[in-house]
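Presented below is the structure to which this report refers.
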Amino acid sequence: MRLDGKVALVTGSSQGIGQGIVLCLAQAGANVVINYRSHPEGAEETLAKVEAIGANCHLACCPQSYGYTLQANLGSVDEIRQLIAESIKHFGKLDILVNNAGIEKHAAFWDVTEADYDAVMNVNLKGVFFATQIFVQHLIETKRTGKIINISSVHEELPFPNFTAYCASKGGMKMLTRNLAVELGALGITINNVAPGAIETPINTKLLNNPEKLGALLQNIPLGRLGQPQDVASLVKFLASAEADYITGSTFFVDGGLLWNYQEQ
Ligand code: BGC
């Protein structure tokens with residue numbers, strides 16, 4: 001499964017799942033734009049890892065991939081426009097968009113502030129909407145097909161008390177994907193969701209440092225462990241490849257069985 005000659009933009013890729021996706025796509029031969037909001041050092045680390053893959057890649061059958069870091073806040077449509085324009089300027093085009101950047105805020109429903117609601121919705125849903133729109137405009141202008149992969153969550157289906165804005169954003173992402181699969185199909189553009197469960201990343205730091213909560217969560221995961229970014233990234237790589245050309249409008253869960261694990265005590 002190779003992505004040689006393809007260019008991918010992975011939003012929010014200075015750490016966690018986004019970083020794992022960048023590395024997996026680069027290993028498959030894609031050139032990658034590494035986007036970060038507030039962790040330039042994480043973006044540099046991701047870039048160094050991409051370059052290390054390149055350094056090991058001296059065979060003719062395995063062309064070198066290149067990385068490029070760009071700062072942008074996905075909560076701002078102006079910044080998204082600039083991010084995509086600069087990605088295209090640097091690599092000449094974009095073929096794959098991975099809408100990975102996402103945030104969550106913990107609060108009881110009755111305590112959620114307007115600022116926190118807006119922050120979550122702007123990055124997780126409005127940002128995805130407009131990044132996808134600007135990417136599609138680029139594909140139309142250059143008369144090419146492309147692939148969109150959204151990093152959703154089990155919480156596009158599963159309630160998550162104290163994270164209502166987050167759940168609403170992921171539920172919105174589910175319908176955005178279904179709608180666009182229909183609207184973009186005639187253009188040969190596919191769009192799918194990858195929905196992780198509990199993955200060991202910085203978004204989960206508090207949970208990982210709380211043995212009691214972590215133990216309870218592990219009880220709910222049939223496969224008995226947290227996921228790793230690589231578990232998510234390998235599916236993204238598949239959906240970005242030509243092998244997935246006939247797949248659009250679907251959600252794929254990567255959750256160790258968490259979503260369907262109801263047990264009567
Ligand atoms: C959330 C994590 C949570 C996991 C499983 C993810 O979407 O970002 O905070 O632990 O779902 O509930």
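Here, A, B, ... name the chains of the structure tokens in the order displayed, residue numbers run from 1 inside each chain, and ligands are numbered from 1 in the same displayed order.
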Show me which residues line ligand 1, defined as having an atom within 9 Å of a ligand atom where only C-alpha atoms and all ligand atoms count, and present them as a short mmCIF file (atom, residue, chain, number, x, y, z; two decimals) with N, CA and C atoms, in the first residue's frame.
data_model
loop_
_atom_site.label_atom_id
_atom_site.label_comp_id
_atom_site.auth_asym_id
_atom_site.auth_seq_id
_atom_site.Cartn_x
_atom_site.Cartn_y
_atom_site.Cartn_z
N GLY A 102 -8.26 18.42 16.97
CA GLY A 102 -9.49 18.40 17.77
C GLY A 102 -9.18 18.73 19.21
N ILE A 103 -10.17 19.32 19.88
CA ILE A 103 -9.99 19.62 21.31
C ILE A 103 -11.23 19.19 22.08
N GLU A 104 -11.05 19.00 23.39
CA GLU A 104 -12.20 18.70 24.25
C GLU A 104 -12.05 19.47 25.55
N SER A 152 -12.64 11.26 13.83
CA SER A 152 -13.82 11.49 14.65
C SER A 152 -13.55 10.90 16.04
N SER A 153 -14.48 10.10 16.54
CA SER A 153 -14.34 9.50 17.88
C SER A 153 -15.47 8.49 18.06
N VAL A 154 -15.27 7.55 18.97
CA VAL A 154 -16.41 6.71 19.35
C VAL A 154 -17.57 7.59 19.80
N HIS A 155 -17.24 8.82 20.23
CA HIS A 155 -18.28 9.72 20.73
C HIS A 155 -19.05 10.42 19.61
N GLU A 156 -18.90 9.97 18.36
CA GLU A 156 -19.87 10.38 17.35
C GLU A 156 -21.13 9.53 17.52
N LEU A 158 -21.38 7.44 20.89
CA LEU A 158 -21.48 7.08 22.31
C LEU A 158 -21.53 8.32 23.20
N PRO A 159 -22.51 8.41 24.09
CA PRO A 159 -22.53 9.56 25.01
C PRO A 159 -21.27 9.60 25.88
N PHE A 160 -20.89 10.82 26.26
CA PHE A 160 -19.68 11.04 27.08
C PHE A 160 -20.05 12.19 28.02
N PHE A 163 -18.90 16.12 28.41
CA PHE A 163 -18.23 16.51 27.17
C PHE A 163 -19.29 16.71 26.07
N TYR A 166 -18.21 18.43 22.80
CA TYR A 166 -17.32 17.51 22.06
C TYR A 166 -18.15 16.46 21.32
N CYS A 167 -19.11 15.85 22.03
CA CYS A 167 -19.95 14.82 21.41
C CYS A 167 -20.78 15.41 20.26
N LYS A 170 -18.59 15.80 17.23
CA LYS A 170 -18.28 14.53 16.54
C LYS A 170 -19.53 13.95 15.88
N ALA A 195 -12.82 6.58 13.71
CA ALA A 195 -13.34 6.95 15.03
C ALA A 195 -12.57 6.20 16.13
N PRO A 196 -11.56 6.83 16.70
CA PRO A 196 -10.79 6.18 17.76
C PRO A 196 -11.56 6.11 19.07
N GLY A 197 -11.19 5.11 19.87
CA GLY A 197 -11.65 5.04 21.25
C GLY A 197 -10.62 5.69 22.14
N ALA A 198 -10.19 5.00 23.17
CA ALA A 198 -9.22 5.56 24.11
C ALA A 198 -7.80 5.27 23.61
N ILE A 199 -7.15 6.30 23.11
CA ILE A 199 -5.81 6.17 22.56
C ILE A 199 -4.85 6.89 23.49
N GLU A 200 -3.66 6.34 23.67
CA GLU A 200 -2.70 6.95 24.59
C GLU A 200 -2.06 8.17 23.92
N THR A 201 -2.59 9.35 24.20
CA THR A 201 -2.08 10.59 23.60
C THR A 201 -2.22 11.72 24.62
N ILE A 203 -4.14 14.21 24.71
CA ILE A 203 -5.52 14.64 25.02
C ILE A 203 -6.03 13.89 26.26
N ASN A 204 -5.40 12.76 26.56
CA ASN A 204 -5.82 11.90 27.67
C ASN A 204 -4.92 11.98 28.90
N THR A 205 -4.06 12.99 28.96
CA THR A 205 -3.05 13.04 30.04
C THR A 205 -3.67 12.88 31.42
N LEU A 207 -6.47 11.53 32.39
CA LEU A 207 -6.97 10.18 32.58
C LEU A 207 -5.81 9.20 32.83
N LEU A 217 -11.73 2.43 32.90
CA LEU A 217 -11.82 2.50 31.44
C LEU A 217 -11.33 1.19 30.81
N ASP A 255 -11.20 0.99 18.35
CA ASP A 255 -11.49 1.24 19.76
C ASP A 255 -11.33 0.00 20.65
N LEU A 258 -14.52 -1.08 22.46
CA LEU A 258 -15.14 -0.24 23.50
C LEU A 258 -16.61 0.11 23.22
N LEU A 259 -16.90 0.48 21.98
CA LEU A 259 -18.23 1.03 21.67
C LEU A 259 -19.38 0.07 21.97
#
Run DSSP on the backbone and grab whatever in region 81-223 of chain A lands in helix (DSSP H, G or I); send it over as a PyMOL selection string. chain A and resi 81-91+109-111+114-141+154-156+164-187+202-208+211-219
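Shell of Ala85 (chain A) at 10 Å, with only C-alpha atoms counted and residues fewer than 4 places along the chain excluded, is Glu79, Ile80, Arg81, Lys89, His90, Gly92, Lys93, Leu94, Ile134, Phe135 and His138 of chain A.
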Among listed residues A:Gly18, A:Gly75, A:Pro161, A:Gly171, nearest Lys126 (chain A) (using only C-alpha atoms):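 Residue with the minimum atom-to-atom distance to Lys126 (chain A): A:Gly75.
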To one decimal in Å, tell me the separation between CA of Val33 (chain A) and CA of Ser13 (chain A).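 These two atoms are separated by 8.7 Å.
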Name all residues at most 9 Å from Lys105 (chain A) (count only C-alpha atoms; drop same-chain ones fewer than 4 positions away) and give them as a ChimeraX atom specification. /A:112,116-117,119-120,162-163,165-166
Looking only at the backbone, which of the residues in region 88-208 of chain A does DSSP tag as strand (DSSP E or B), as a ChimeraX atom specification? /A:96-99,147-151,190-196,199
Contacts of Phe252 (chain A) at 8 Å (only C-alpha atoms; same-chain gap of 3+ positions) as a PyMOL selection string: chain A and resi 192-195
Non-local contacts of Leu47 (chain A) (12 Å; only C-alpha atoms; under 2 positions in same chain excluded) as number ranges by chain: A: 13-15, 19-20, 22-23, 26, 31-36, 40-45, 49-54, 65-70
Report as a VMD selection string all protein, DNA and RNA residues lying within 8 Å of region 175-177 of chain A, evaluated on only C-alpha atoms, omitting residues in the same chain fewer than 3 positions from it. chain A and resid 129 171 to 172 180 to 181 191 to 193 249 to 250
Can you write just those residues out, N, CA, C and O atoms, as an mmCIF file, in the first residue's frame?
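Output (part38.cif):
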data_model
loop_
_atom_site.group_PDB
_atom_site.id
_atom_site.type_symbol
_atom_site.label_atom_id
_atom_site.label_comp_id
_atom_site.auth_asym_id
_atom_site.auth_seq_id
_atom_site.Cartn_x
_atom_site.Cartn_y
_atom_site.Cartn_z
ATOM 1 N N PHE A 129 -15.219 21.659 8.411
ATOM 2 C CA PHE A 129 -16.107 22.054 7.306
ATOM 3 C C PHE A 129 -15.339 22.909 6.299
ATOM 4 O O PHE A 129 -15.328 22.628 5.091
ATOM 5 N N GLY A 171 -20.690 14.145 16.498
ATOM 6 C CA GLY A 171 -21.941 13.734 15.852
ATOM 7 C C GLY A 171 -22.165 14.547 14.582
ATOM 8 O O GLY A 171 -22.611 14.032 13.548
ATOM 9 N N GLY A 172 -21.820 15.840 14.638
ATOM 10 C CA GLY A 172 -21.915 16.701 13.452
ATOM 11 C C GLY A 172 -20.971 16.229 12.361
ATOM 12 O O GLY A 172 -21.308 16.222 11.172
ATOM 13 N N LEU A 180 -21.345 14.745 2.562
ATOM 14 C CA LEU A 180 -20.343 15.051 1.534
ATOM 15 C C LEU A 180 -20.010 13.831 0.686
ATOM 16 O O LEU A 180 -19.632 13.970 -0.478
ATOM 17 N N ALA A 181 -20.174 12.630 1.255
ATOM 18 C CA ALA A 181 -19.947 11.428 0.432
ATOM 19 C C ALA A 181 -20.884 11.477 -0.768
ATOM 20 O O ALA A 181 -20.506 11.154 -1.899
ATOM 21 N N ILE A 191 -14.710 10.514 1.191
ATOM 22 C CA ILE A 191 -14.602 11.072 2.555
ATOM 23 C C ILE A 191 -15.063 10.011 3.548
ATOM 24 O O ILE A 191 -16.121 9.393 3.358
ATOM 25 N N ASN A 192 -14.260 9.760 4.550
ATOM 26 C CA ASN A 192 -14.591 8.754 5.567
ATOM 27 C C ASN A 192 -14.150 9.222 6.945
ATOM 28 O O ASN A 192 -13.269 10.080 7.058
ATOM 29 N N ASN A 193 -14.760 8.640 7.952
ATOM 30 C CA ASN A 193 -14.365 8.923 9.340
ATOM 31 C C ASN A 193 -13.620 7.737 9.934
ATOM 32 O O ASN A 193 -14.056 6.584 9.773
ATOM 33 N N GLY A 249 -18.176 7.674 2.774
ATOM 34 C CA GLY A 249 -19.346 7.919 3.616
ATOM 35 C C GLY A 249 -19.453 7.030 4.838
ATOM 36 O O GLY A 249 -20.492 6.987 5.493
ATOM 37 N N SER A 250 -18.369 6.340 5.189
ATOM 38 C CA SER A 250 -18.436 5.390 6.312
ATOM 39 C C SER A 250 -17.592 5.842 7.498
ATOM 40 O O SER A 250 -16.642 6.602 7.347
#
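Computed from the coordinates, the CA of Gly5 (chain A) to CA of Glu86 (chain A) distance equals 18.2 Å.
Interatomic distance, CA of Gly16 (chain A) against CA of Asn124 (chain A): 15.9 Å.
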